[in-house]
>>> print(open('start28.cif').read())   # mmCIF, C-alpha atoms and all ligand atoms; chains and numbers go by the auth columns
data_target
loop_
_atom_site.group_PDB
_atom_site.id
_atom_site.type_symbol
_atom_site.label_atom_id
_atom_site.label_comp_id
_atom_site.label_asym_id
_atom_site.label_seq_id
_atom_site.Cartn_x
_atom_site.Cartn_y
_atom_site.Cartn_z
_atom_site.B_iso_or_equiv
_atom_site.auth_seq_id
_atom_site.auth_asym_id
ATOM 1 C CA MET A 1 110.033 133.911 93.005 0.00 1 A
ATOM 2 C CA GLY A 2 110.860 131.041 95.296 0.00 2 A
ATOM 3 C CA LEU A 3 109.879 127.422 94.851 0.00 3 A
ATOM 4 C CA CYS A 4 109.029 125.005 97.626 0.00 4 A
ATOM 5 C CA VAL A 5 109.071 121.302 96.723 0.00 5 A
ATOM 6 C CA PHE A 6 107.350 118.952 99.127 0.00 6 A
ATOM 7 C CA ASP A 7 107.696 115.258 99.725 0.00 7 A
ATOM 8 C CA LEU A 8 104.340 113.544 100.335 0.00 8 A
ATOM 9 C CA ASP A 9 104.422 110.585 102.742 0.00 9 A
ATOM 10 C CA HIS A 10 105.060 111.662 106.318 0.00 10 A
ATOM 11 C CA THR A 11 105.656 115.222 105.131 0.00 11 A
ATOM 12 C CA LEU A 12 102.237 116.417 103.912 0.00 12 A
ATOM 13 C CA ILE A 13 100.242 113.316 104.730 0.00 13 A
ATOM 14 C CA ARG A 14 100.279 110.534 107.260 0.00 14 A
ATOM 15 C CA THR A 15 99.711 107.110 105.878 0.00 15 A
ATOM 16 C CA PRO A 16 100.033 103.669 107.350 0.00 16 A
ATOM 17 C CA LEU A 17 102.327 102.890 104.391 0.00 17 A
ATOM 18 C CA ASP A 18 104.928 100.513 105.705 0.00 18 A
ATOM 19 C CA LEU A 19 107.917 100.731 103.382 0.00 19 A
ATOM 20 C CA ALA A 20 109.761 98.040 105.313 0.00 20 A
ATOM 21 C CA ALA A 21 106.854 95.635 104.773 0.00 21 A
ATOM 22 C CA MET A 22 106.686 96.622 101.102 0.00 22 A
ATOM 23 C CA ALA A 23 110.409 95.953 100.705 0.00 23 A
ATOM 24 C CA ALA A 24 110.071 92.624 102.530 0.00 24 A
ATOM 25 C CA ASP A 25 107.289 91.534 100.146 0.00 25 A
ATOM 26 C CA MET A 26 109.393 92.601 97.150 0.00 26 A
ATOM 27 C CA ARG A 27 112.425 90.731 98.450 0.00 27 A
ATOM 28 C CA ARG A 28 110.313 87.621 99.059 0.00 28 A
ATOM 29 C CA LEU A 29 109.075 87.706 95.465 0.00 29 A
ATOM 30 C CA ILE A 30 112.571 88.266 94.049 0.00 30 A
ATOM 31 C CA GLU A 31 114.115 85.505 96.138 0.00 31 A
ATOM 32 C CA ARG A 32 111.319 83.086 95.291 0.00 32 A
ATOM 33 C CA GLU A 33 112.003 83.647 91.595 0.00 33 A
ATOM 34 C CA ARG A 34 115.746 84.216 91.587 0.00 34 A
ATOM 35 C CA GLY A 35 117.187 82.768 94.799 0.00 35 A
ATOM 36 C CA PRO A 36 118.582 84.571 97.837 0.00 36 A
ATOM 37 C CA LEU A 37 120.001 88.091 97.636 0.00 37 A
ATOM 38 C CA PRO A 38 123.319 88.654 99.427 0.00 38 A
ATOM 39 C CA ASP A 39 122.910 89.018 103.179 0.00 39 A
ATOM 40 C CA ARG A 40 123.741 92.361 104.693 0.00 40 A
ATOM 41 C CA PRO A 41 123.169 94.097 108.035 0.00 41 A
ATOM 42 C CA GLU A 42 120.817 96.771 106.665 0.00 42 A
ATOM 43 C CA ARG A 43 117.531 95.822 105.039 0.00 43 A
ATOM 44 C CA TYR A 44 117.125 96.211 101.292 0.00 44 A
ATOM 45 C CA ARG A 45 115.194 99.391 100.522 0.00 45 A
ATOM 46 C CA VAL A 46 112.323 99.642 98.064 0.00 46 A
ATOM 47 C CA PHE A 47 114.291 101.745 95.585 0.00 47 A
ATOM 48 C CA GLU A 48 117.151 99.241 95.659 0.00 48 A
ATOM 49 C CA LEU A 49 114.897 96.274 94.979 0.00 49 A
ATOM 50 C CA VAL A 50 113.196 98.154 92.164 0.00 50 A
ATOM 51 C CA ALA A 51 116.577 99.077 90.681 0.00 51 A
ATOM 52 C CA TRP A 52 117.769 95.490 91.091 0.00 52 A
ATOM 53 C CA SER A 53 114.787 94.024 89.282 0.00 53 A
ATOM 54 C CA LYS A 54 115.095 96.635 86.538 0.00 54 A
ATOM 55 C CA SER A 55 118.723 95.769 85.827 0.00 55 A
ATOM 56 C CA GLN A 56 118.929 92.075 86.843 0.00 56 A
ATOM 57 C CA ALA A 57 115.456 90.676 86.228 0.00 57 A
ATOM 58 C CA PRO A 58 113.397 92.901 83.918 0.00 58 A
ATOM 59 C CA ASP A 59 110.719 90.219 83.641 0.00 59 A
ATOM 60 C CA LEU A 60 110.086 90.623 87.396 0.00 60 A
ATOM 61 C CA GLU A 61 109.843 94.395 87.327 0.00 61 A
ATOM 62 C CA ARG A 62 106.091 94.512 86.770 0.00 62 A
ATOM 63 C CA ALA A 63 105.399 92.141 89.623 0.00 63 A
ATOM 64 C CA VAL A 64 107.680 94.167 91.913 0.00 64 A
ATOM 65 C CA TRP A 65 105.778 97.348 91.029 0.00 65 A
ATOM 66 C CA ALA A 66 102.477 95.567 91.577 0.00 66 A
ATOM 67 C CA ILE A 67 103.530 94.919 95.169 0.00 67 A
ATOM 68 C CA ALA A 68 104.275 98.624 95.598 0.00 68 A
ATOM 69 C CA LEU A 69 100.900 99.633 94.162 0.00 69 A
ATOM 70 C CA GLU A 70 98.998 97.234 96.333 0.00 70 A
ATOM 71 C CA HIS A 71 100.635 98.585 99.506 0.00 71 A
ATOM 72 C CA GLU A 72 100.107 102.164 98.339 0.00 72 A
ATOM 73 C CA TRP A 73 96.424 101.724 97.496 0.00 73 A
ATOM 74 C CA ARG A 74 95.746 100.355 100.937 0.00 74 A
ATOM 75 C CA ALA A 75 97.742 103.088 102.693 0.00 75 A
ATOM 76 C CA MET A 76 96.396 106.004 100.651 0.00 76 A
ATOM 77 C CA GLY A 77 92.824 105.032 101.408 0.00 77 A
ATOM 78 C CA ALA A 78 93.616 105.683 105.053 0.00 78 A
ATOM 79 C CA ALA A 79 95.798 108.756 104.529 0.00 79 A
ATOM 80 C CA ALA A 80 95.269 111.883 106.638 0.00 80 A
ATOM 81 C CA LEU A 81 96.867 115.312 106.505 0.00 81 A
ATOM 82 C CA GLU A 82 99.937 115.981 108.595 0.00 82 A
ATOM 83 C CA PRO A 83 99.097 118.698 111.096 0.00 83 A
ATOM 84 C CA GLY A 84 99.818 122.062 109.484 0.00 84 A
ATOM 85 C CA ALA A 85 100.085 120.668 105.949 0.00 85 A
ATOM 86 C CA LEU A 86 97.404 122.911 104.431 0.00 86 A
ATOM 87 C CA ASP A 87 98.868 125.911 106.288 0.00 87 A
ATOM 88 C CA ALA A 88 102.324 125.051 104.963 0.00 88 A
ATOM 89 C CA VAL A 89 101.409 124.652 101.296 0.00 89 A
ATOM 90 C CA GLY A 90 98.686 127.323 101.223 0.00 90 A
ATOM 91 C CA GLY A 91 100.872 129.688 103.246 0.00 91 A
ATOM 92 C CA ALA A 92 103.783 129.171 100.869 0.00 92 A
ATOM 93 C CA ARG A 93 101.510 130.173 97.999 0.00 93 A
ATOM 94 C CA ARG A 94 100.265 133.253 99.870 0.00 94 A
ATOM 95 C CA ALA A 95 103.888 134.200 100.543 0.00 95 A
ATOM 96 C CA GLY A 96 104.457 134.245 96.768 0.00 96 A
ATOM 97 C CA VAL A 97 106.297 130.942 96.672 0.00 97 A
ATOM 98 C CA GLN A 98 105.482 128.358 93.992 0.00 98 A
ATOM 99 C CA THR A 99 104.729 124.845 95.153 0.00 99 A
ATOM 100 C CA ALA A 100 105.448 121.373 93.848 0.00 100 A
ATOM 101 C CA LEU A 101 105.133 117.806 95.027 0.00 101 A
ATOM 102 C CA TRP A 102 107.923 115.277 94.449 0.00 102 A
ATOM 103 C CA THR A 103 106.859 111.829 95.510 0.00 103 A
ATOM 104 C CA ASN A 104 107.988 108.263 94.929 0.00 104 A
ATOM 105 C CA ASN A 105 104.316 107.247 94.941 0.00 105 A
ATOM 106 C CA ALA A 106 102.415 106.347 91.793 0.00 106 A
ATOM 107 C CA ARG A 107 100.279 108.999 90.118 0.00 107 A
ATOM 108 C CA PRO A 108 96.990 107.033 90.150 0.00 108 A
ATOM 109 C CA VAL A 109 97.370 106.579 93.896 0.00 109 A
ATOM 110 C CA THR A 110 98.601 110.098 94.628 0.00 110 A
ATOM 111 C CA LEU A 111 96.114 112.300 92.752 0.00 111 A
ATOM 112 C CA PRO A 112 92.903 111.056 94.418 0.00 112 A
ATOM 113 C CA ALA A 113 94.497 111.487 97.855 0.00 113 A
ATOM 114 C CA LEU A 114 95.593 115.053 97.029 0.00 114 A
ATOM 115 C CA GLU A 115 92.044 115.859 95.892 0.00 115 A
ATOM 116 C CA ARG A 116 90.388 114.253 98.882 0.00 116 A
ATOM 117 C CA LEU A 117 92.668 116.034 101.362 0.00 117 A
ATOM 118 C CA GLY A 118 92.442 119.473 99.729 0.00 118 A
ATOM 119 C CA LEU A 119 96.082 119.654 98.664 0.00 119 A
ATOM 120 C CA ALA A 120 95.545 119.413 94.899 0.00 120 A
ATOM 121 C CA PRO A 121 94.513 123.059 94.307 0.00 121 A
ATOM 122 C CA LEU A 122 97.509 124.288 96.342 0.00 122 A
ATOM 123 C CA LEU A 123 100.166 122.579 94.232 0.00 123 A
ATOM 124 C CA ASP A 124 101.523 124.072 91.006 0.00 124 A
ATOM 125 C CA LEU A 125 103.101 120.785 89.920 0.00 125 A
ATOM 126 C CA VAL A 126 102.853 117.145 90.958 0.00 126 A
ATOM 127 C CA VAL A 127 105.770 114.866 90.092 0.00 127 A
ATOM 128 C CA THR A 128 105.236 111.178 90.796 0.00 128 A
ATOM 129 C CA ARG A 129 107.289 108.096 90.061 0.00 129 A
ATOM 130 C CA ASP A 130 105.358 107.710 86.827 0.00 130 A
ATOM 131 C CA ASP A 131 107.116 110.870 85.635 0.00 131 A
ATOM 132 C CA MET A 132 110.654 109.939 86.586 0.00 132 A
ATOM 133 C CA THR A 133 113.161 107.335 85.511 0.00 133 A
ATOM 134 C CA ALA A 134 114.364 106.594 89.049 0.00 134 A
ATOM 135 C CA LEU A 135 113.035 107.009 92.573 0.00 135 A
ATOM 136 C CA LYS A 136 114.419 109.411 95.156 0.00 136 A
ATOM 137 C CA PRO A 137 117.194 109.471 96.385 0.00 137 A
ATOM 138 C CA ASP A 138 117.933 109.598 92.653 0.00 138 A
ATOM 139 C CA PRO A 139 117.386 113.228 91.615 0.00 139 A
ATOM 140 C CA ASP A 140 115.770 112.445 88.245 0.00 140 A
ATOM 141 C CA GLY A 141 112.411 113.900 89.348 0.00 141 A
ATOM 142 C CA TRP A 142 114.089 117.287 89.558 0.00 142 A
ATOM 143 C CA ARG A 143 114.415 117.241 85.778 0.00 143 A
ATOM 144 C CA ILE A 144 110.615 117.565 85.510 0.00 144 A
ATOM 145 C CA ILE A 145 110.507 120.277 88.168 0.00 145 A
ATOM 146 C CA ALA A 146 113.277 122.267 86.519 0.00 146 A
ATOM 147 C CA GLU A 147 111.627 122.005 83.114 0.00 147 A
ATOM 148 C CA HIS A 148 108.236 123.050 84.455 0.00 148 A
ATOM 149 C CA PHE A 149 109.469 126.045 86.392 0.00 149 A
ATOM 150 C CA GLY A 150 111.399 127.388 83.480 0.00 150 A
ATOM 151 C CA ALA A 151 115.000 126.343 83.701 0.00 151 A
ATOM 152 C CA ARG A 152 116.367 127.099 80.276 0.00 152 A
ATOM 153 C CA LEU A 153 118.401 124.151 79.092 0.00 153 A
ATOM 154 C CA ASP A 154 120.407 126.081 76.536 0.00 154 A
ATOM 155 C CA ALA A 155 123.358 124.505 74.789 0.00 155 A
ATOM 156 C CA ARG A 156 125.920 126.014 77.113 0.00 156 A
ATOM 157 C CA ALA A 157 124.060 125.073 80.279 0.00 157 A
ATOM 158 C CA ALA A 158 123.231 121.601 79.031 0.00 158 A
ATOM 159 C CA SER A 159 126.899 120.763 78.912 0.00 159 A
ATOM 160 C CA ALA A 160 127.574 122.218 82.338 0.00 160 A
ATOM 161 C CA ASP A 161 127.192 120.478 85.666 0.00 161 A
ATOM 162 C CA THR A 162 123.840 119.519 87.127 0.00 162 A
ATOM 163 C CA ALA A 163 123.538 122.472 89.474 0.00 163 A
ATOM 164 C CA THR A 164 124.182 124.911 86.626 0.00 164 A
ATOM 165 C CA ARG A 165 121.631 123.273 84.371 0.00 165 A
ATOM 166 C CA PHE A 166 119.006 123.719 87.056 0.00 166 A
ATOM 167 C CA ALA A 167 119.837 127.378 87.605 0.00 167 A
ATOM 168 C CA GLY A 168 116.249 128.356 86.797 0.00 168 A
ATOM 169 C CA THR A 169 115.216 126.777 90.056 0.00 169 A
ATOM 170 C CA ARG A 170 118.084 128.207 92.069 0.00 170 A
ATOM 171 C CA ASP A 171 115.628 129.792 94.480 0.00 171 A
ATOM 172 C CA ALA A 172 114.162 126.512 95.639 0.00 172 A
ATOM 173 C CA VAL A 173 114.005 124.386 98.737 0.00 173 A
ATOM 174 C CA VAL A 174 112.973 120.775 99.260 0.00 174 A
ATOM 175 C CA VAL A 175 110.918 119.896 102.354 0.00 175 A
ATOM 176 C CA GLY A 176 110.856 116.266 103.456 0.00 176 A
ATOM 177 C CA ASP A 177 110.991 113.805 106.303 0.00 177 A
ATOM 178 C CA SER A 178 113.562 111.357 104.980 0.00 178 A
ATOM 179 C CA TRP A 179 117.210 111.168 104.080 0.00 179 A
ATOM 180 C CA VAL A 180 116.174 110.164 100.550 0.00 180 A
ATOM 181 C CA ASP A 181 114.657 113.632 100.118 0.00 181 A
ATOM 182 C CA GLY A 182 117.814 115.257 101.463 0.00 182 A
ATOM 183 C CA VAL A 183 120.153 113.229 99.268 0.00 183 A
ATOM 184 C CA ALA A 184 118.040 113.947 96.162 0.00 184 A
ATOM 185 C CA ALA A 185 117.978 117.671 96.972 0.00 185 A
ATOM 186 C CA ALA A 186 121.729 117.770 97.567 0.00 186 A
ATOM 187 C CA ALA A 187 122.335 116.069 94.221 0.00 187 A
ATOM 188 C CA VAL A 188 120.800 119.079 92.458 0.00 188 A
ATOM 189 C CA GLY A 189 122.268 121.642 94.839 0.00 189 A
ATOM 190 C CA VAL A 190 118.958 122.552 96.474 0.00 190 A
ATOM 191 C CA PRO A 191 118.716 123.316 100.225 0.00 191 A
ATOM 192 C CA PHE A 192 116.817 120.746 102.283 0.00 192 A
ATOM 193 C CA VAL A 193 114.384 121.558 105.080 0.00 193 A
ATOM 194 C CA ALA A 194 113.848 118.588 107.385 0.00 194 A
ATOM 195 C CA TYR A 195 110.413 117.971 108.870 0.00 195 A
ATOM 196 C CA GLY A 196 109.978 115.219 111.440 0.00 196 A
ATOM 197 C CA ALA A 197 113.177 113.633 110.204 0.00 197 A
ATOM 198 C CA ARG A 198 115.404 111.309 112.200 0.00 198 A
ATOM 199 C CA GLU A 199 118.644 113.131 112.721 0.00 199 A
ATOM 200 C CA ALA A 200 120.734 109.951 112.937 0.00 200 A
ATOM 201 C CA ASP A 201 119.461 108.816 109.505 0.00 201 A
ATOM 202 C CA LEU A 202 120.243 112.171 107.919 0.00 202 A
ATOM 203 C CA THR A 203 123.712 112.228 109.454 0.00 203 A
ATOM 204 C CA ARG A 204 124.456 108.692 108.308 0.00 204 A
ATOM 205 C CA HIS A 205 123.649 109.667 104.722 0.00 205 A
ATOM 206 C CA GLY A 206 125.573 112.933 104.868 0.00 206 A
ATOM 207 C CA VAL A 207 122.463 115.132 104.741 0.00 207 A
ATOM 208 C CA THR A 208 122.773 118.538 106.396 0.00 208 A
ATOM 209 C CA PRO A 209 119.422 120.351 106.426 0.00 209 A
ATOM 210 C CA VAL A 210 119.380 124.104 106.094 0.00 210 A
ATOM 211 C CA ALA A 211 116.613 124.079 108.729 0.00 211 A
ATOM 212 C CA TRP A 212 114.634 121.712 110.948 0.00 212 A
ATOM 213 C CA LEU A 213 110.877 122.111 111.312 0.00 213 A
ATOM 214 C CA SER A 214 108.823 120.472 114.000 0.00 214 A
ATOM 215 C CA ASP A 215 105.701 122.492 113.150 0.00 215 A
ATOM 216 C CA LEU A 216 104.796 122.454 109.459 0.00 216 A
ATOM 217 C CA ALA A 217 102.535 125.484 109.902 0.00 217 A
ATOM 218 C CA ARG A 218 105.663 127.573 110.564 0.00 218 A
ATOM 219 C CA LEU A 219 107.055 126.846 107.105 0.00 219 A
ATOM 220 C CA PRO A 220 105.617 129.967 105.374 0.00 220 A
ATOM 221 C CA GLU A 221 107.299 132.138 107.987 0.00 221 A
ATOM 222 C CA TRP A 222 110.576 130.361 107.366 0.00 222 A
ATOM 223 C CA LEU A 223 110.171 130.653 103.580 0.00 223 A
ATOM 224 C CA THR A 224 109.531 134.373 103.849 0.00 224 A
ATOM 225 C CA ALA A 225 112.684 134.789 105.927 0.00 225 A
ATOM 226 C CA HIS A 226 114.688 132.519 103.613 0.00 226 A
ATOM 227 C CA PHE A 227 113.608 133.996 100.293 0.00 227 A
ATOM 228 C CA GLY A 228 113.111 137.579 101.405 0.00 228 A
ATOM 229 C CA PHE A 229 110.803 139.717 99.302 0.00 229 A
ATOM 230 C CA GLN A 230 112.712 139.673 96.038 0.00 230 A
ATOM 231 C CA GLY A 231 113.015 135.942 95.661 0.00 231 A
ATOM 232 C CA SER A 232 116.681 135.885 96.589 0.00 232 A
ATOM 233 C CA PRO A 233 117.589 133.301 99.193 0.00 233 A
ATOM 234 C CA ARG A 234 118.924 134.729 102.413 0.00 234 A
ATOM 235 C CA ARG A 235 120.221 132.589 105.178 0.00 235 A
ATOM 236 C CA SER A 236 118.344 134.460 107.907 0.00 236 A
ATOM 237 C CA ASN A 237 116.019 132.564 110.160 0.00 237 A
ATOM 238 C CA ARG A 238 113.702 133.819 112.822 0.00 238 A
ATOM 239 C CA LEU A 239 112.053 130.649 113.744 0.00 239 A
ATOM 240 C CA GLY A 240 111.121 130.772 117.387 0.00 240 A
ATOM 241 C CA SER A 241 111.151 127.555 119.311 0.00 241 A
ATOM 242 C CA HIS A 242 109.539 125.390 116.642 0.00 242 A
ATOM 243 C CA CYS A 243 112.325 125.235 114.153 0.00 243 A
ATOM 244 C CA HIS A 244 115.949 126.171 113.849 0.00 244 A
ATOM 245 C CA ASP A 245 118.984 125.872 111.671 0.00 245 A
ATOM 246 C CA GLY A 246 121.582 123.224 111.789 0.00 246 A
ATOM 247 C CA HIS A 247 122.344 121.507 115.002 0.00 247 A
ATOM 248 C CA GLY A 248 119.973 119.089 116.609 0.00 248 A
ATOM 249 C CA ARG A 249 116.265 119.502 116.874 0.00 249 A
ATOM 250 C CA THR A 250 113.929 121.338 119.161 0.00 250 A
HETATM 251 MG MG MG B . 108.448 110.907 103.051 0.00 301 A
#
>>> encode(input="start28.cif", output="structure tokens")
Amino acid sequence: MGLCVFDLDHTLIRTPLDLAAMAADMRRLIERERGPLPDRPERYRVFELVAWSKSQAPDLERAVWAIALEHEWRAMGAAALEPGALDAVGGARRAGVQTALWTNNARPVTLPALERLGLAPLLDLVVTRDDMTALKPDPDGWRIIAEHFGARLDARAASADTATRFAGTRDAVVVGDSWVDGVAAAAVGVPFVAYGAREADLTRHGVTPVAWLSDLARLPEWLTAHFGFQGSPRRSNRLGSHCHDGHGRT
């Protein structure tokens, strides 16, 4: 049986969550308390500022998270489904594929939105940042997914590499809009399906999706082609004009 793991923001739901603004608020707090961070051309990302406070200023970590929660509460209240999201998750289920959510959002913010938007009953597992030790692109959340869907961490496998330890979820894909989803998936050897992603960002971070989707409602069709009927991944794709493998986007 296949497993389809979805990102949340800008994959299944649209929110006005502005991660750049969240990161800017976090940086402002950190710099007010600790002085300027080193300048660099690219902005500091949320996960980097969280990691920085965790390792360099543990007494600031709570305040940094409070900024995240405040932004998330506001955004989630205004969240709407991505077009095709219910078709994608419900269709995956009907195609015999198990479903999970893997989000960097907090659980108390995520669950009410999933209920309100009708996604909750379609998901077999919800993994939020409250469940993991590090945010995507760190693959720690996959530990929860692998445990839930029955990867057997026997003594031999536990000493093997990451991909081997997660063999129980070999027949899985990750669907997301961001390079952080692709990098996290690659870290555990799971194919990545890009939805609404910016190709330049993926390329810059070395992410090569197994497929590109521009219409989420076509995902069940792709999953059926990918997993076949026996749960074994095949690389076939009959995707029409809405999605394709590899090069560029339609
Ligand atoms: Mg996202």
>>> closest_residue(input="start28.cif", among="A:Gly77, A:Pro112, A:Gly182, A:Gly2", to="ligand MG 301 (chain A)", atoms="all atoms listed in the file")
A:Gly182
>>> atom_distance(input="start28.cif", atom1="atom CA of Thr103 of chain A", atom2="atom CA of Cys4 of chain A")
13.5 Å
>>> atom_distance(input="start28.cif", atom1="atom CA of Pro209 of chain A", atom2="atom CA of Val193 of chain A")
5.4 Å
>>> atom_distance(input="start28.cif", atom1="atom CA of Pro38 of chain A", atom2="atom CA of Ala187 of chain A")
27.9 Å
>>> resolve_selection(input="start28.cif", expression="the PyMOL selection byres (((chain A and resi 192) around 8) and not hetatm)", output="PyMOL selection string")
chain A and resi 173-176+181-182+185-186+190-191+193-194+208-211
>>> write_last_selection(input="start28.cif", atoms="C-alpha atoms", output="CSV table (one decimal), in the frame of the given file")
chain,number,residue,atom,x,y,z
A,173,VAL,CA,114.0,124.4,98.7
A,174,VAL,CA,113.0,120.8,99.3
A,175,VAL,CA,110.9,119.9,102.4
A,176,GLY,CA,110.9,116.3,103.5
A,181,ASP,CA,114.7,113.6,100.1
A,182,GLY,CA,117.8,115.3,101.5
A,185,ALA,CA,118.0,117.7,97.0
A,186,ALA,CA,121.7,117.8,97.6
A,190,VAL,CA,119.0,122.6,96.5
A,191,PRO,CA,118.7,123.3,100.2
A,193,VAL,CA,114.4,121.6,105.1
A,194,ALA,CA,113.8,118.6,107.4
A,208,THR,CA,122.8,118.5,106.4
A,209,PRO,CA,119.4,120.4,106.4
A,210,VAL,CA,119.4,124.1,106.1
A,211,ALA,CA,116.6,124.1,108.7
>>> closest_residue(input="start28.cif", among="A:Ala95, A:Val126, A:Leu202, A:Leu114", to="Val5 of chain A", atoms="all atoms listed in the file")
A:Val126
>>> closest_residue(input="start28.cif", among="A:Arg14, A:Arg62, A:Lys54, A:Arg218", to="ligand MG 301 (chain A)", atoms="all atoms listed in the file")
A:Arg14
>>> residues_near_ligand(input="start28.cif", ligand="ligand MG 301 (chain A)", cutoff="8 Å", atoms="all atoms listed in the file", output="MDAnalysis selection string")
chainID A and resid 7:11 103 176:178 181
>>> residues_around(input="start28.cif", residues="segment 40-53 of chain A", least_positions_apart="5", cutoff="12 Å", atoms="only C-alpha atoms", output="PDB file with C-alpha atoms, in the coordinates of the input")
ATOM      1  CA  ASP A  18     104.928 100.513 105.705  1.00  0.00           C
ATOM      2  CA  LEU A  19     107.917 100.731 103.382  1.00  0.00           C
ATOM      3  CA  ALA A  20     109.761  98.040 105.313  1.00  0.00           C
ATOM      4  CA  ALA A  21     106.854  95.635 104.773  1.00  0.00           C
ATOM      5  CA  MET A  22     106.686  96.622 101.102  1.00  0.00           C
ATOM      6  CA  ALA A  23     110.409  95.953 100.705  1.00  0.00           C
ATOM      7  CA  ALA A  24     110.071  92.624 102.530  1.00  0.00           C
ATOM      8  CA  ASP A  25     107.289  91.534 100.146  1.00  0.00           C
ATOM      9  CA  MET A  26     109.393  92.601  97.150  1.00  0.00           C
ATOM     10  CA  ARG A  27     112.425  90.731  98.450  1.00  0.00           C
ATOM     11  CA  ARG A  28     110.313  87.621  99.059  1.00  0.00           C
ATOM     12  CA  LEU A  29     109.075  87.706  95.465  1.00  0.00           C
ATOM     13  CA  ILE A  30     112.571  88.266  94.049  1.00  0.00           C
ATOM     14  CA  GLU A  31     114.115  85.505  96.138  1.00  0.00           C
ATOM     15  CA  GLU A  33     112.003  83.647  91.595  1.00  0.00           C
ATOM     16  CA  ARG A  34     115.746  84.216  91.587  1.00  0.00           C
ATOM     17  CA  PRO A  58     113.397  92.901  83.918  1.00  0.00           C
ATOM     18  CA  ASP A  59     110.719  90.219  83.641  1.00  0.00           C
ATOM     19  CA  LEU A  60     110.086  90.623  87.396  1.00  0.00           C
ATOM     20  CA  GLU A  61     109.843  94.395  87.327  1.00  0.00           C
ATOM     21  CA  ARG A  62     106.091  94.512  86.770  1.00  0.00           C
ATOM     22  CA  ALA A  63     105.399  92.141  89.623  1.00  0.00           C
ATOM     23  CA  VAL A  64     107.680  94.167  91.913  1.00  0.00           C
ATOM     24  CA  TRP A  65     105.778  97.348  91.029  1.00  0.00           C
ATOM     25  CA  ALA A  66     102.477  95.567  91.577  1.00  0.00           C
ATOM     26  CA  ILE A  67     103.530  94.919  95.169  1.00  0.00           C
ATOM     27  CA  ALA A  68     104.275  98.624  95.598  1.00  0.00           C
ATOM     28  CA  HIS A  71     100.635  98.585  99.506  1.00  0.00           C
ATOM     29  CA  ASN A 104     107.988 108.263  94.929  1.00  0.00           C
ATOM     30  CA  ASN A 105     104.316 107.247  94.941  1.00  0.00           C
ATOM     31  CA  ARG A 129     107.289 108.096  90.061  1.00  0.00           C
ATOM     32  CA  THR A 133     113.161 107.335  85.511  1.00  0.00           C
ATOM     33  CA  ALA A 134     114.364 106.594  89.049  1.00  0.00           C
ATOM     34  CA  LEU A 135     113.035 107.009  92.573  1.00  0.00           C
ATOM     35  CA  LYS A 136     114.419 109.411  95.156  1.00  0.00           C
ATOM     36  CA  PRO A 137     117.194 109.471  96.385  1.00  0.00           C
ATOM     37  CA  ASP A 138     117.933 109.598  92.653  1.00  0.00           C
ATOM     38  CA  VAL A 180     116.174 110.164 100.550  1.00  0.00           C
TER      39      VAL A 180
END
>>> resolve_selection(input="start28.cif", expression="the PyMOL selection byres (((chain A and resi 90) around 9) and not hetatm)", output="list in words")
Ala85, Leu86, Asp87, Ala88, Val89, Gly91, Ala92, Arg93, Arg94, Ala95, Thr99, Leu119, Leu122, Leu123 and Pro220 of chain A
>>> closest_residue(input="start28.cif", among="A:Trp179, A:Trp142, A:Trp73, A:Phe6", to="Ala197 of chain A", atoms="all atoms listed in the file")
A:Trp179
>>> resolve_selection(input="start28.cif", expression="the PyMOL selection byres (((chain A and resi 76) around 9) and not hetatm)", output="PyMOL selection string")
chain A and resi 14-17+71-75+77-80+109-110+112-113
